[in-house]
file entry03.cif (mmCIF, C-alpha atoms)
data_target
#
loop_
_atom_site.group_PDB
_atom_site.id
_atom_site.type_symbol
_atom_site.label_atom_id
_atom_site.label_comp_id
_atom_site.auth_asym_id
_atom_site.auth_seq_id
_atom_site.Cartn_x
_atom_site.Cartn_y
_atom_site.Cartn_z
ATOM 1 C CA MET A 1 139.123 175.670 55.077
ATOM 2 C CA LYS A 2 139.683 174.600 51.465
ATOM 3 C CA ARG A 3 136.903 176.295 49.508
ATOM 4 C CA ILE A 4 135.366 179.750 49.972
ATOM 5 C CA ALA A 5 133.103 182.097 48.008
ATOM 6 C CA VAL A 6 132.827 185.859 47.672
ATOM 7 C CA TYR A 7 129.779 187.926 46.723
ATOM 8 C CA THR A 8 128.577 191.540 46.530
ATOM 9 C CA SER A 9 125.125 192.529 47.692
ATOM 10 C CA GLY A 10 122.947 195.626 47.957
ATOM 11 C CA GLY A 11 123.950 198.919 46.384
ATOM 12 C CA ASP A 12 127.131 198.915 44.324
ATOM 13 C CA ALA A 13 130.088 201.051 45.361
ATOM 14 C CA PRO A 14 133.300 202.061 43.544
ATOM 15 C CA GLY A 15 136.076 199.795 44.787
ATOM 16 C CA MET A 16 134.026 196.608 45.081
ATOM 17 C CA ASN A 17 136.013 195.092 42.219
ATOM 18 C CA ALA A 18 139.291 195.871 43.977
ATOM 19 C CA CYS A 19 137.899 194.087 47.038
ATOM 20 C CA ILE A 20 136.814 191.036 45.017
ATOM 21 C CA ARG A 21 140.261 190.974 43.418
ATOM 22 C CA ALA A 22 141.970 190.991 46.819
ATOM 23 C CA VAL A 23 139.795 188.123 48.077
ATOM 24 C CA VAL A 24 140.378 186.015 44.963
ATOM 25 C CA ARG A 25 144.126 186.535 44.747
ATOM 26 C CA GLY A 26 144.519 186.266 48.505
ATOM 27 C CA ALA A 27 142.744 182.910 48.451
ATOM 28 C CA ILE A 28 144.996 181.673 45.639
ATOM 29 C CA TYR A 29 148.065 182.833 47.588
ATOM 30 C CA HIS A 30 146.909 180.858 50.620
ATOM 31 C CA GLY A 31 146.114 177.745 48.572
ATOM 32 C CA VAL A 32 142.340 178.021 48.961
ATOM 33 C CA GLU A 33 139.881 177.350 46.151
ATOM 34 C CA VAL A 34 137.708 180.405 45.525
ATOM 35 C CA PHE A 35 134.310 180.860 43.900
ATOM 36 C CA GLY A 36 132.301 183.938 43.000
ATOM 37 C CA ILE A 37 128.546 184.199 43.605
ATOM 38 C CA ARG A 38 126.818 186.348 41.004
ATOM 39 C CA HIS A 39 123.845 188.603 41.829
ATOM 40 C CA GLY A 40 124.304 188.436 45.600
ATOM 41 C CA TYR A 41 121.838 186.423 47.658
ATOM 42 C CA ASN A 42 119.626 185.819 44.628
ATOM 43 C CA GLY A 43 122.548 184.106 42.927
ATOM 44 C CA MET A 44 123.261 182.098 46.057
ATOM 45 C CA ILE A 45 119.691 180.793 45.986
ATOM 46 C CA ASN A 46 119.766 180.115 42.236
ATOM 47 C CA GLY A 47 123.176 178.471 42.194
ATOM 48 C CA GLU A 48 125.015 181.188 40.237
ATOM 49 C CA ILE A 49 128.307 180.042 41.755
ATOM 50 C CA ILE A 50 131.333 180.152 39.470
ATOM 51 C CA PRO A 51 134.990 179.151 39.999
ATOM 52 C CA MET A 52 137.420 182.061 39.966
ATOM 53 C CA ASN A 53 141.154 182.323 39.327
ATOM 54 C CA SER A 54 143.716 185.078 39.055
ATOM 55 C CA HIS A 55 142.697 185.840 35.476
ATOM 56 C CA SER A 56 139.044 186.276 36.581
ATOM 57 C CA VAL A 57 139.952 189.532 38.298
ATOM 58 C CA SER A 58 142.551 190.854 35.855
ATOM 59 C CA ASN A 59 141.953 194.413 34.641
ATOM 60 C CA THR A 60 139.190 195.035 37.188
ATOM 61 C CA ILE A 61 140.793 197.133 39.943
ATOM 62 C CA GLN A 62 140.127 200.376 38.067
ATOM 63 C CA LYS A 63 136.501 199.631 37.203
ATOM 64 C CA GLY A 64 133.430 200.864 39.044
ATOM 65 C CA GLY A 65 130.420 198.694 39.843
ATOM 66 C CA THR A 66 130.898 194.997 40.551
ATOM 67 C CA VAL A 67 131.903 192.255 38.118
ATOM 68 C CA LEU A 68 129.943 189.775 40.235
ATOM 69 C CA LYS A 69 126.787 191.902 39.849
ATOM 70 C CA SER A 70 124.533 192.791 42.748
ATOM 71 C CA ALA A 71 120.889 192.526 43.711
ATOM 72 C CA ARG A 72 118.494 192.975 46.589
ATOM 73 C CA SER A 73 116.858 189.651 47.439
ATOM 74 C CA LYS A 74 113.396 189.360 48.952
ATOM 75 C CA ALA A 75 113.631 185.566 48.651
ATOM 76 C CA PHE A 76 116.643 185.454 50.997
ATOM 77 C CA MET A 77 114.546 187.171 53.655
ATOM 78 C CA THR A 78 112.461 183.988 53.909
ATOM 79 C CA PRO A 79 113.478 180.721 55.633
ATOM 80 C CA GLU A 80 112.739 178.865 52.403
ATOM 81 C CA GLY A 81 115.098 181.096 50.425
ATOM 82 C CA ARG A 82 117.904 180.719 52.937
ATOM 83 C CA LYS A 83 117.458 176.940 52.945
ATOM 84 C CA LYS A 84 117.874 176.869 49.152
ATOM 85 C CA ALA A 85 120.964 179.050 49.449
ATOM 86 C CA PHE A 86 122.494 176.704 52.027
ATOM 87 C CA GLU A 87 121.790 173.685 49.831
ATOM 88 C CA GLN A 88 123.480 175.395 46.869
ATOM 89 C CA LEU A 89 126.568 176.196 48.939
ATOM 90 C CA GLN A 90 126.706 172.627 50.198
ATOM 91 C CA SER A 91 126.462 171.232 46.676
ATOM 92 C CA HIS A 92 129.523 173.311 45.733
ATOM 93 C CA GLY A 93 131.435 172.437 48.887
ATOM 94 C CA ILE A 94 131.621 176.056 50.067
ATOM 95 C CA GLU A 95 132.942 176.231 53.645
ATOM 96 C CA GLY A 96 133.110 180.000 54.217
ATOM 97 C CA LEU A 97 131.931 183.292 52.739
ATOM 98 C CA VAL A 98 133.231 186.821 52.228
ATOM 99 C CA ALA A 99 130.326 189.260 51.964
ATOM 100 C CA ILE A 100 130.912 192.705 50.441
ATOM 101 C CA GLY A 101 128.120 195.172 51.158
ATOM 102 C CA GLY A 102 126.335 197.238 53.780
ATOM 103 C CA ASP A 103 124.026 196.718 56.745
ATOM 104 C CA GLY A 104 121.386 194.824 54.746
ATOM 105 C CA THR A 105 124.046 192.440 53.439
ATOM 106 C CA PHE A 106 125.412 191.857 56.934
ATOM 107 C CA THR A 107 121.947 191.407 58.433
ATOM 108 C CA GLY A 108 121.323 188.597 55.953
ATOM 109 C CA ALA A 109 124.751 187.078 56.634
ATOM 110 C CA MET A 110 124.195 187.178 60.402
ATOM 111 C CA ILE A 111 120.813 185.440 60.180
ATOM 112 C CA PHE A 112 122.228 182.901 57.721
ATOM 113 C CA HIS A 113 125.127 182.083 60.027
ATOM 114 C CA ASN A 114 122.839 181.734 63.033
ATOM 115 C CA GLU A 115 120.665 179.262 61.115
ATOM 116 C CA TYR A 116 123.275 177.235 59.242
ATOM 117 C CA GLY A 117 126.634 178.025 60.829
ATOM 118 C CA ILE A 118 128.543 178.885 57.657
ATOM 119 C CA PRO A 119 131.340 181.279 58.721
ATOM 120 C CA THR A 120 131.063 184.694 57.075
ATOM 121 C CA VAL A 121 133.329 187.744 57.267
ATOM 122 C CA GLY A 122 132.176 191.019 55.749
ATOM 123 C CA ALA A 123 133.939 193.865 53.958
ATOM 124 C CA PRO A 124 132.123 197.218 54.171
ATOM 125 C CA GLY A 125 131.105 198.209 50.638
ATOM 126 C CA THR A 126 128.779 201.221 50.694
ATOM 127 C CA ILE A 127 129.199 204.833 49.619
ATOM 128 C CA ASP A 128 127.297 206.069 52.688
ATOM 129 C CA ASN A 129 130.162 205.449 55.176
ATOM 130 C CA ASP A 130 127.531 204.673 57.814
ATOM 131 C CA LEU A 131 128.834 201.355 59.201
ATOM 132 C CA PHE A 132 130.082 201.178 62.771
ATOM 133 C CA GLY A 133 133.473 199.467 63.034
ATOM 134 C CA THR A 134 135.433 201.218 60.306
ATOM 135 C CA ASP A 135 136.591 204.782 59.713
ATOM 136 C CA TYR A 136 135.789 204.549 56.002
ATOM 137 C CA THR A 137 133.745 202.246 53.806
ATOM 138 C CA ILE A 138 134.591 201.166 50.264
ATOM 139 C CA GLY A 139 133.283 203.713 47.747
ATOM 140 C CA PHE A 140 132.800 206.648 50.097
ATOM 141 C CA ASP A 141 135.869 208.607 49.007
ATOM 142 C CA THR A 142 135.006 208.223 45.326
ATOM 143 C CA ALA A 143 131.384 209.250 45.928
ATOM 144 C CA VAL A 144 132.492 212.375 47.820
ATOM 145 C CA ASN A 145 134.844 213.346 45.004
ATOM 146 C CA THR A 146 132.100 212.750 42.422
ATOM 147 C CA ALA A 147 129.728 214.987 44.391
ATOM 148 C CA LEU A 148 132.449 217.576 44.902
ATOM 149 C CA ASN A 149 133.208 217.698 41.192
ATOM 150 C CA ALA A 150 129.522 218.381 40.489
ATOM 151 C CA ILE A 151 129.316 221.040 43.215
ATOM 152 C CA ASP A 152 132.328 222.852 41.743
ATOM 153 C CA LYS A 153 130.662 222.957 38.320
ATOM 154 C CA ILE A 154 127.318 224.080 39.746
ATOM 155 C CA ARG A 155 129.016 226.865 41.721
ATOM 156 C CA ASP A 156 130.323 228.296 38.444
ATOM 157 C CA THR A 157 126.837 228.656 37.009
ATOM 158 C CA ALA A 158 125.379 229.767 40.361
ATOM 159 C CA ASP A 159 127.915 232.586 40.487
ATOM 160 C CA SER A 160 127.310 233.560 36.864
ATOM 161 C CA HIS A 161 123.565 233.986 37.421
ATOM 162 C CA ASP A 162 123.466 235.059 41.117
ATOM 163 C CA ARG A 163 121.495 231.950 42.043
ATOM 164 C CA VAL A 164 120.959 229.752 45.065
ATOM 165 C CA PHE A 165 121.397 226.048 44.319
ATOM 166 C CA PHE A 166 120.062 223.265 46.514
ATOM 167 C CA ILE A 167 122.115 220.165 45.665
ATOM 168 C CA GLU A 168 120.859 216.786 46.865
ATOM 169 C CA VAL A 169 123.412 214.038 47.485
ATOM 170 C CA MET A 170 122.938 210.429 48.574
ATOM 171 C CA GLY A 171 122.598 209.560 52.241
ATOM 172 C CA ARG A 172 119.239 208.126 53.255
ATOM 173 C CA ASP A 173 120.238 207.673 56.903
ATOM 174 C CA SER A 174 123.658 209.294 56.928
ATOM 175 C CA GLY A 175 125.031 212.727 56.114
ATOM 176 C CA TYR A 176 128.665 211.739 55.569
ATOM 177 C CA ILE A 177 128.703 212.436 51.829
ATOM 178 C CA ALA A 178 126.847 215.712 52.324
ATOM 179 C CA ILE A 179 129.094 217.049 55.092
ATOM 180 C CA GLN A 180 132.397 216.203 53.401
ATOM 181 C CA SER A 181 131.422 217.310 49.900
ATOM 182 C CA GLY A 182 129.812 220.411 51.399
ATOM 183 C CA ILE A 183 132.979 221.401 53.261
ATOM 184 C CA GLY A 184 135.156 220.633 50.242
ATOM 185 C CA GLY A 185 132.805 222.553 47.947
ATOM 186 C CA GLY A 186 132.512 225.616 50.190
ATOM 187 C CA ALA A 187 128.764 225.231 50.771
ATOM 188 C CA GLU A 188 126.995 227.930 52.774
ATOM 189 C CA LEU A 189 124.856 225.269 54.477
ATOM 190 C CA VAL A 190 124.822 221.479 54.749
ATOM 191 C CA MET A 191 121.633 219.682 55.822
ATOM 192 C CA VAL A 192 122.007 216.151 57.192
ATOM 193 C CA PRO A 193 119.733 213.652 58.993
ATOM 194 C CA GLU A 194 121.928 213.700 62.106
ATOM 195 C CA THR A 195 121.122 217.325 63.004
ATOM 196 C CA ALA A 196 117.874 219.290 63.052
ATOM 197 C CA THR A 197 117.667 222.303 60.738
ATOM 198 C CA SER A 198 114.529 224.408 60.457
ATOM 199 C CA ILE A 199 113.375 226.314 57.396
ATOM 200 C CA GLU A 200 113.815 229.446 59.486
ATOM 201 C CA ASP A 201 117.487 228.519 59.952
ATOM 202 C CA VAL A 202 117.936 228.081 56.199
ATOM 203 C CA ILE A 203 116.287 231.406 55.415
ATOM 204 C CA ASP A 204 118.323 233.191 58.090
ATOM 205 C CA ILE A 205 121.624 231.822 56.733
ATOM 206 C CA LEU A 206 120.748 232.800 53.148
ATOM 207 C CA ASN A 207 119.645 236.286 54.244
ATOM 208 C CA GLN A 208 122.845 236.798 56.208
ATOM 209 C CA GLY A 209 124.827 235.900 53.107
ATOM 210 C CA TRP A 210 122.881 238.393 51.019
ATOM 211 C CA LYS A 211 123.555 241.104 53.617
ATOM 212 C CA ARG A 212 127.270 240.361 53.228
ATOM 213 C CA PHE A 213 126.849 240.839 49.468
ATOM 214 C CA LYS A 214 127.001 237.142 48.605
ATOM 215 C CA THR A 215 125.280 236.921 45.258
ATOM 216 C CA SER A 216 125.161 233.111 45.072
ATOM 217 C CA SER A 217 124.927 230.268 47.548
ATOM 218 C CA ILE A 218 125.205 226.493 47.640
ATOM 219 C CA VAL A 219 123.125 224.378 50.022
ATOM 220 C CA VAL A 220 124.003 220.659 50.129
ATOM 221 C CA VAL A 221 121.153 218.403 51.257
ATOM 222 C CA ALA A 222 121.435 214.718 52.196
ATOM 223 C CA GLU A 223 118.501 212.794 50.730
ATOM 224 C CA GLY A 224 117.503 211.632 54.233
ATOM 225 C CA GLU A 225 117.186 215.171 55.631
ATOM 226 C CA GLU A 226 114.160 215.220 57.959
ATOM 227 C CA LEU A 227 112.584 218.243 56.257
ATOM 228 C CA GLY A 228 112.544 216.405 52.929
ATOM 229 C CA GLY A 229 114.644 216.348 49.776
ATOM 230 C CA ALA A 230 116.245 219.330 48.086
ATOM 231 C CA GLN A 231 113.158 220.069 45.974
ATOM 232 C CA THR A 232 110.825 220.122 48.987
ATOM 233 C CA ILE A 233 113.148 222.379 50.970
ATOM 234 C CA SER A 234 113.734 224.750 48.054
ATOM 235 C CA ASP A 235 109.955 225.080 47.555
ATOM 236 C CA MET A 236 109.572 226.056 51.220
ATOM 237 C CA VAL A 237 112.339 228.641 50.941
ATOM 238 C CA LYS A 238 110.987 230.021 47.656
ATOM 239 C CA GLY A 239 107.634 230.568 49.344
ATOM 240 C CA GLN A 240 109.250 232.913 51.859
ATOM 241 C CA LEU A 241 112.001 234.397 49.675
ATOM 242 C CA PRO A 242 110.311 234.803 46.269
ATOM 243 C CA GLU A 243 112.902 237.349 45.150
ATOM 244 C CA MET A 244 115.684 234.741 45.191
ATOM 245 C CA ASP A 245 116.528 232.842 42.008
ATOM 246 C CA ILE A 246 116.590 229.234 43.258
ATOM 247 C CA ARG A 247 117.505 226.042 41.397
ATOM 248 C CA VAL A 248 117.671 222.371 42.425
ATOM 249 C CA THR A 249 120.060 219.622 41.295
ATOM 250 C CA THR A 250 119.752 216.004 42.432
ATOM 251 C CA LEU A 251 122.993 214.109 41.814
ATOM 252 C CA GLY A 252 121.458 210.653 42.324
ATOM 253 C CA HIS A 253 123.167 207.465 41.159
ATOM 254 C CA ILE A 254 126.039 209.261 39.440
ATOM 255 C CA GLN A 255 127.641 209.072 42.905
ATOM 256 C CA ARG A 256 127.746 205.275 42.751
ATOM 257 C CA GLY A 257 129.526 204.998 39.432
ATOM 258 C CA GLY A 258 132.933 205.730 38.005
ATOM 259 C CA ALA A 259 136.477 204.524 38.548
ATOM 260 C CA PRO A 260 137.382 204.242 42.237
ATOM 261 C CA SER A 261 139.857 206.715 43.677
ATOM 262 C CA ALA A 262 143.340 205.604 44.746
ATOM 263 C CA PHE A 263 142.159 205.747 48.355
ATOM 264 C CA ASP A 264 139.226 203.419 47.642
ATOM 265 C CA ARG A 265 141.352 200.965 45.654
ATOM 266 C CA ILE A 266 143.842 200.646 48.501
ATOM 267 C CA LEU A 267 141.155 200.545 51.206
ATOM 268 C CA ALA A 268 139.196 197.886 49.311
ATOM 269 C CA SER A 269 142.325 195.780 48.811
ATOM 270 C CA ARG A 270 143.181 195.953 52.516
ATOM 271 C CA LEU A 271 139.640 195.102 53.575
ATOM 272 C CA GLY A 272 139.234 192.273 51.045
ATOM 273 C CA LEU A 273 142.458 190.625 52.116
ATOM 274 C CA GLY A 274 141.638 191.317 55.783
ATOM 275 C CA ALA A 275 138.222 189.690 55.432
ATOM 276 C CA LEU A 276 139.694 186.643 53.687
ATOM 277 C CA GLU A 277 142.521 186.135 56.180
ATOM 278 C CA GLY A 278 140.128 186.671 59.073
ATOM 279 C CA LEU A 279 137.916 183.942 57.646
ATOM 280 C CA LEU A 280 140.866 181.565 57.262
ATOM 281 C CA ASN A 281 141.975 182.338 60.832
ATOM 282 C CA GLY A 282 138.617 181.425 62.342
ATOM 283 C CA GLU A 283 136.758 184.753 62.418
ATOM 284 C CA LYS A 284 133.024 184.524 61.724
ATOM 285 C CA ASN A 285 129.962 186.741 61.904
ATOM 286 C CA VAL A 286 132.188 189.840 61.829
ATOM 287 C CA MET A 287 133.075 192.731 59.523
ATOM 288 C CA ALA A 288 136.649 193.674 58.696
ATOM 289 C CA GLY A 289 137.282 197.390 59.131
ATOM 290 C CA ILE A 290 140.080 199.927 59.364
ATOM 291 C CA ILE A 291 140.198 202.124 62.483
ATOM 292 C CA ASN A 292 143.159 204.460 63.058
ATOM 293 C CA ASP A 293 144.867 202.716 60.129
ATOM 294 C CA GLN A 294 144.655 199.326 61.859
ATOM 295 C CA LEU A 295 142.697 196.264 60.711
ATOM 296 C CA VAL A 296 139.945 195.376 63.192
ATOM 297 C CA TYR A 297 136.988 192.986 63.317
ATOM 298 C CA THR A 298 133.577 194.063 64.589
ATOM 299 C CA SER A 299 130.611 191.753 65.117
ATOM 300 C CA PHE A 300 127.851 192.021 62.551
ATOM 301 C CA TYR A 301 125.449 192.789 65.393
ATOM 302 C CA ASP A 302 127.434 195.863 66.461
ATOM 303 C CA THR A 303 128.075 196.948 62.881
ATOM 304 C CA ILE A 304 124.354 196.892 62.148
ATOM 305 C CA ASN A 305 122.992 198.247 65.430
ATOM 306 C CA LYS A 306 125.526 200.770 66.704
ATOM 307 C CA VAL A 307 125.342 204.304 65.363
ATOM 308 C CA LYS A 308 128.337 205.909 63.681
ATOM 309 C CA PRO A 309 127.885 209.618 64.400
ATOM 310 C CA ILE A 310 129.245 212.466 62.330
ATOM 311 C CA ASN A 311 132.034 214.345 64.052
ATOM 312 C CA PRO A 312 130.358 217.522 65.402
ATOM 313 C CA ASP A 313 133.527 219.460 64.556
ATOM 314 C CA LEU A 314 132.697 218.974 60.870
ATOM 315 C CA ILE A 315 129.234 220.484 61.316
ATOM 316 C CA LYS A 316 130.745 223.378 63.269
ATOM 317 C CA MET A 317 133.288 223.838 60.486
ATOM 318 C CA VAL A 318 130.549 224.438 57.902
ATOM 319 C CA ASN A 319 129.074 227.258 60.003
ATOM 320 C CA ILE A 320 132.455 228.908 60.583
ATOM 321 C CA LEU A 321 133.748 228.700 57.018
ATOM 322 C CA SER A 322 130.532 229.954 55.415
ATOM 323 C CA VAL A 323 130.902 233.379 57.063
#

call {"tool": "encode", "arguments": {"input": "entry03.cif", "output": "structure tokens"}}
result
Amino acid sequence: MKRIAVYTSGGDAPGMNACIRAVVRGAIYHGVEVFGIRHGYNGMINGEIIPMNSHSVSNTIQKGGTVLKSARSKAFMTPEGRKKAFEQLQSHGIEGLVAIGGDGTFTGAMIFHNEYGIPTVGAPGTIDNDLFGTDYTIGFDTAVNTALNAIDKIRDTADSHDRVFFIEVMGRDSGYIAIQSGIGGGAELVMVPETATSIEDVIDILNQGWKRFKTSSIVVVAEGEELGGAQTISDMVKGQLPEMDIRVTTLGHIQRGGAPSAFDRILASRLGLGALEGLLNGEKNVMAGIINDQLVYTSFYDTINKVKPINPDLIKMVNILSV
């Protein structure tokens, strides 16, 4: 393999630039020509394919976002769009791809490989940490620390005014950010999509705290919680506990931005180089991951379709430590 390309797709995550850097410099080290595809699958279709060298990724490891830009592509979901993408890759002589993203990115890569046979190896770039086949995904640690920093600040004002705060964090299908930032932030309750929590449970936990003379409480809610977002849940609680002073904060996209943590920079570098070297060694249609500190490859099919459950010990820990 003499010429490969790297791209980022879907939601951005802190550490993506460190991953791009590892792919580019790893390719140069191995004597392989490397290109970057801007704007993900849209750029692949439109021919936004640029040559990259060592200088292209200088001074990027500490930056959030992605220097290659990202996008969600409806056109790539069509056979016509994928055909255009294949023709663009052929015109540039691209023989293999490194895809940095989440399950949507890998779904597209798997279909593309099945149709056109271009080898692709993925690196898991998503703050949600919801991909089977790796203990941690690129950006998760930074997102947790961003959420935790906000929770710490909100607890100060909650304590000053004897308030209950419902804090919504990202996690449409996964409660990983919620559970870890909730434990780290000393939340009285964490609500995640993986476990069922009733409004009665929420009210009971808050009442128990009040009986123990807790004058403020923090409830962390993953955006994919089955009862609804933080605002919906707080409205339900307020209806039954009108005497409580309740506020809502939605952290939103702040969790995606900012300089990646040391952990994410190192993880992204390992995964980027692992994806590249896997590609050069004949791996295809797989994602590079780290499990028990070892580099592993998991098929895109398993990565997309197998569930990565939250450790029940973490959920139990919230209940114990909130006493």

call {"tool": "residues_around", "arguments": {"input": "entry03.cif", "residues": "Leu89 of chain A", "least_positions_apart": "2", "cutoff": "9 Å", "atoms": "all atoms listed in the file", "output": "list in words"}}
result
Ala5, Met44, Ile45, Gly47, Ile49, Lys84, Ala85, Phe86, Glu87, Ser91, His92, Gly93, Ile94 and Glu95 of chain A

call {"tool": "residues_around", "arguments": {"input": "entry03.cif", "residues": "Gly102 of chain A", "least_positions_apart": "2", "cutoff": "7 Å", "atoms": "all atoms listed in the file", "output": "ChimeraX atom specification"}}
result
/A:10,104-106,124-126

call {"tool": "write_last_selection", "arguments": {"input": "entry03.cif", "atoms": "C-alpha atoms", "output": "short mmCIF file (atom, residue, chain, number, x, y, z; two decimals), in the frame of the given file"}}
result
data_model
loop_
_atom_site.label_atom_id
_atom_site.label_comp_id
_atom_site.auth_asym_id
_atom_site.auth_seq_id
_atom_site.Cartn_x
_atom_site.Cartn_y
_atom_site.Cartn_z
CA GLY A 10 122.95 195.63 47.96
CA GLY A 104 121.39 194.82 54.75
CA THR A 105 124.05 192.44 53.44
CA PHE A 106 125.41 191.86 56.93
CA PRO A 124 132.12 197.22 54.17
CA GLY A 125 131.10 198.21 50.64
CA THR A 126 128.78 201.22 50.69
#

call {"tool": "residues_near_point", "arguments": {"input": "entry03.cif", "point": "(146.5, 185.4, 46.6)", "cutoff": "12 Å", "atoms": "only C-alpha atoms", "output": "PyMOL selection string"}}
result
chain A and resi 20-34+52-55+57+269+272-274+276-277

call {"tool": "resolve_selection", "arguments": {"input": "entry03.cif", "expression": "the PyMOL selection byres ((chain A and resi 98) around 7)", "output": "JSON list (two decimals) with C-alpha atoms, in the frame of the given file"}}
result
[["chain", "number", "residue", "atom", "x", "y", "z"],
["A", 5, "ALA", "CA", 133.10, 182.10, 48.01],
["A", 6, "VAL", "CA", 132.83, 185.86, 47.67],
["A", 7, "TYR", "CA", 129.78, 187.93, 46.72],
["A", 97, "LEU", "CA", 131.93, 183.29, 52.74],
["A", 99, "ALA", "CA", 130.33, 189.26, 51.96],
["A", 100, "ILE", "CA", 130.91, 192.70, 50.44],
["A", 120, "THR", "CA", 131.06, 184.69, 57.08],
["A", 121, "VAL", "CA", 133.33, 187.74, 57.27],
["A", 122, "GLY", "CA", 132.18, 191.02, 55.75],
["A", 275, "ALA", "CA", 138.22, 189.69, 55.43],
["A", 276, "LEU", "CA", 139.69, 186.64, 53.69]]

call {"tool": "closest_residue", "arguments": {"input": "entry03.cif", "among": "A:Gly186, A:Asn42, A:Ser181, A:Phe140", "to": "Ala75 of chain A", "atoms": "all atoms listed in the file"}}
result
A:Asn42

call {"tool": "decode", "arguments": {"input": "entry03.cif", "residues": "segment 235-252 of chain A", "atoms": "N, CA and C atoms", "output": "mmCIF file, in the first residue's frame"}}
result
data_model
loop_
_atom_site.group_PDB
_atom_site.id
_atom_site.type_symbol
_atom_site.label_atom_id
_atom_site.label_comp_id
_atom_site.auth_asym_id
_atom_site.auth_seq_id
_atom_site.Cartn_x
_atom_site.Cartn_y
_atom_site.Cartn_z
ATOM 1 N N ASP A 235 -39.388 19.637 35.771
ATOM 2 C CA ASP A 235 -40.787 20.100 35.793
ATOM 3 C C ASP A 235 -41.680 19.089 36.514
ATOM 4 N N MET A 236 -41.437 17.790 36.261
ATOM 5 C CA MET A 236 -42.211 16.755 36.938
ATOM 6 C C MET A 236 -41.984 16.801 38.444
ATOM 7 N N VAL A 237 -40.723 16.947 38.837
ATOM 8 C CA VAL A 237 -40.387 16.983 40.260
ATOM 9 C C VAL A 237 -40.975 18.232 40.917
ATOM 10 N N LYS A 238 -40.864 19.361 40.245
ATOM 11 C CA LYS A 238 -41.381 20.625 40.779
ATOM 12 C C LYS A 238 -42.883 20.535 41.025
ATOM 13 N N GLY A 239 -43.578 19.787 40.165
ATOM 14 C CA GLY A 239 -45.014 19.626 40.333
ATOM 15 C C GLY A 239 -45.376 18.919 41.620
ATOM 16 N N GLN A 240 -44.483 18.050 42.094
ATOM 17 C CA GLN A 240 -44.767 17.289 43.317
ATOM 18 C C GLN A 240 -44.038 17.832 44.541
ATOM 19 N N LEU A 241 -42.974 18.602 44.316
ATOM 20 C CA LEU A 241 -42.218 19.197 45.417
ATOM 21 C C LEU A 241 -42.096 20.706 45.199
ATOM 22 N N PRO A 242 -43.219 21.420 45.226
ATOM 23 C CA PRO A 242 -43.199 22.855 44.899
ATOM 24 C C PRO A 242 -42.373 23.690 45.868
ATOM 25 N N GLU A 243 -42.110 23.153 47.064
ATOM 26 C CA GLU A 243 -41.351 23.925 48.042
ATOM 27 C C GLU A 243 -39.857 23.949 47.742
ATOM 28 N N MET A 244 -39.390 23.048 46.862
ATOM 29 C CA MET A 244 -37.972 23.004 46.535
ATOM 30 C C MET A 244 -37.609 24.049 45.498
ATOM 31 N N ASP A 245 -36.458 24.676 45.687
ATOM 32 C CA ASP A 245 -35.934 25.655 44.726
ATOM 33 C C ASP A 245 -35.097 24.875 43.700
ATOM 34 N N ILE A 246 -35.630 24.727 42.503
ATOM 35 C CA ILE A 246 -35.020 23.849 41.488
ATOM 36 C C ILE A 246 -34.543 24.676 40.298
ATOM 37 N N ARG A 247 -33.345 24.362 39.811
ATOM 38 C CA ARG A 247 -32.793 24.994 38.622
ATOM 39 C C ARG A 247 -32.291 23.922 37.658
ATOM 40 N N VAL A 248 -32.159 24.303 36.386
ATOM 41 C CA VAL A 248 -31.717 23.377 35.338
ATOM 42 C C VAL A 248 -30.550 24.005 34.571
ATOM 43 N N THR A 249 -29.520 23.206 34.308
ATOM 44 C CA THR A 249 -28.413 23.637 33.452
ATOM 45 C C THR A 249 -28.149 22.545 32.421
ATOM 46 N N THR A 250 -28.147 22.931 31.151
ATOM 47 C CA THR A 250 -27.816 22.001 30.069
ATOM 48 C C THR A 250 -26.430 22.365 29.547
ATOM 49 N N LEU A 251 -25.478 21.452 29.686
ATOM 50 C CA LEU A 251 -24.093 21.760 29.319
ATOM 51 C C LEU A 251 -23.883 21.779 27.810
ATOM 52 N N GLY A 252 -24.582 20.912 27.071
ATOM 53 C CA GLY A 252 -24.554 20.963 25.616
ATOM 54 C C GLY A 252 -23.182 20.794 25.000
#
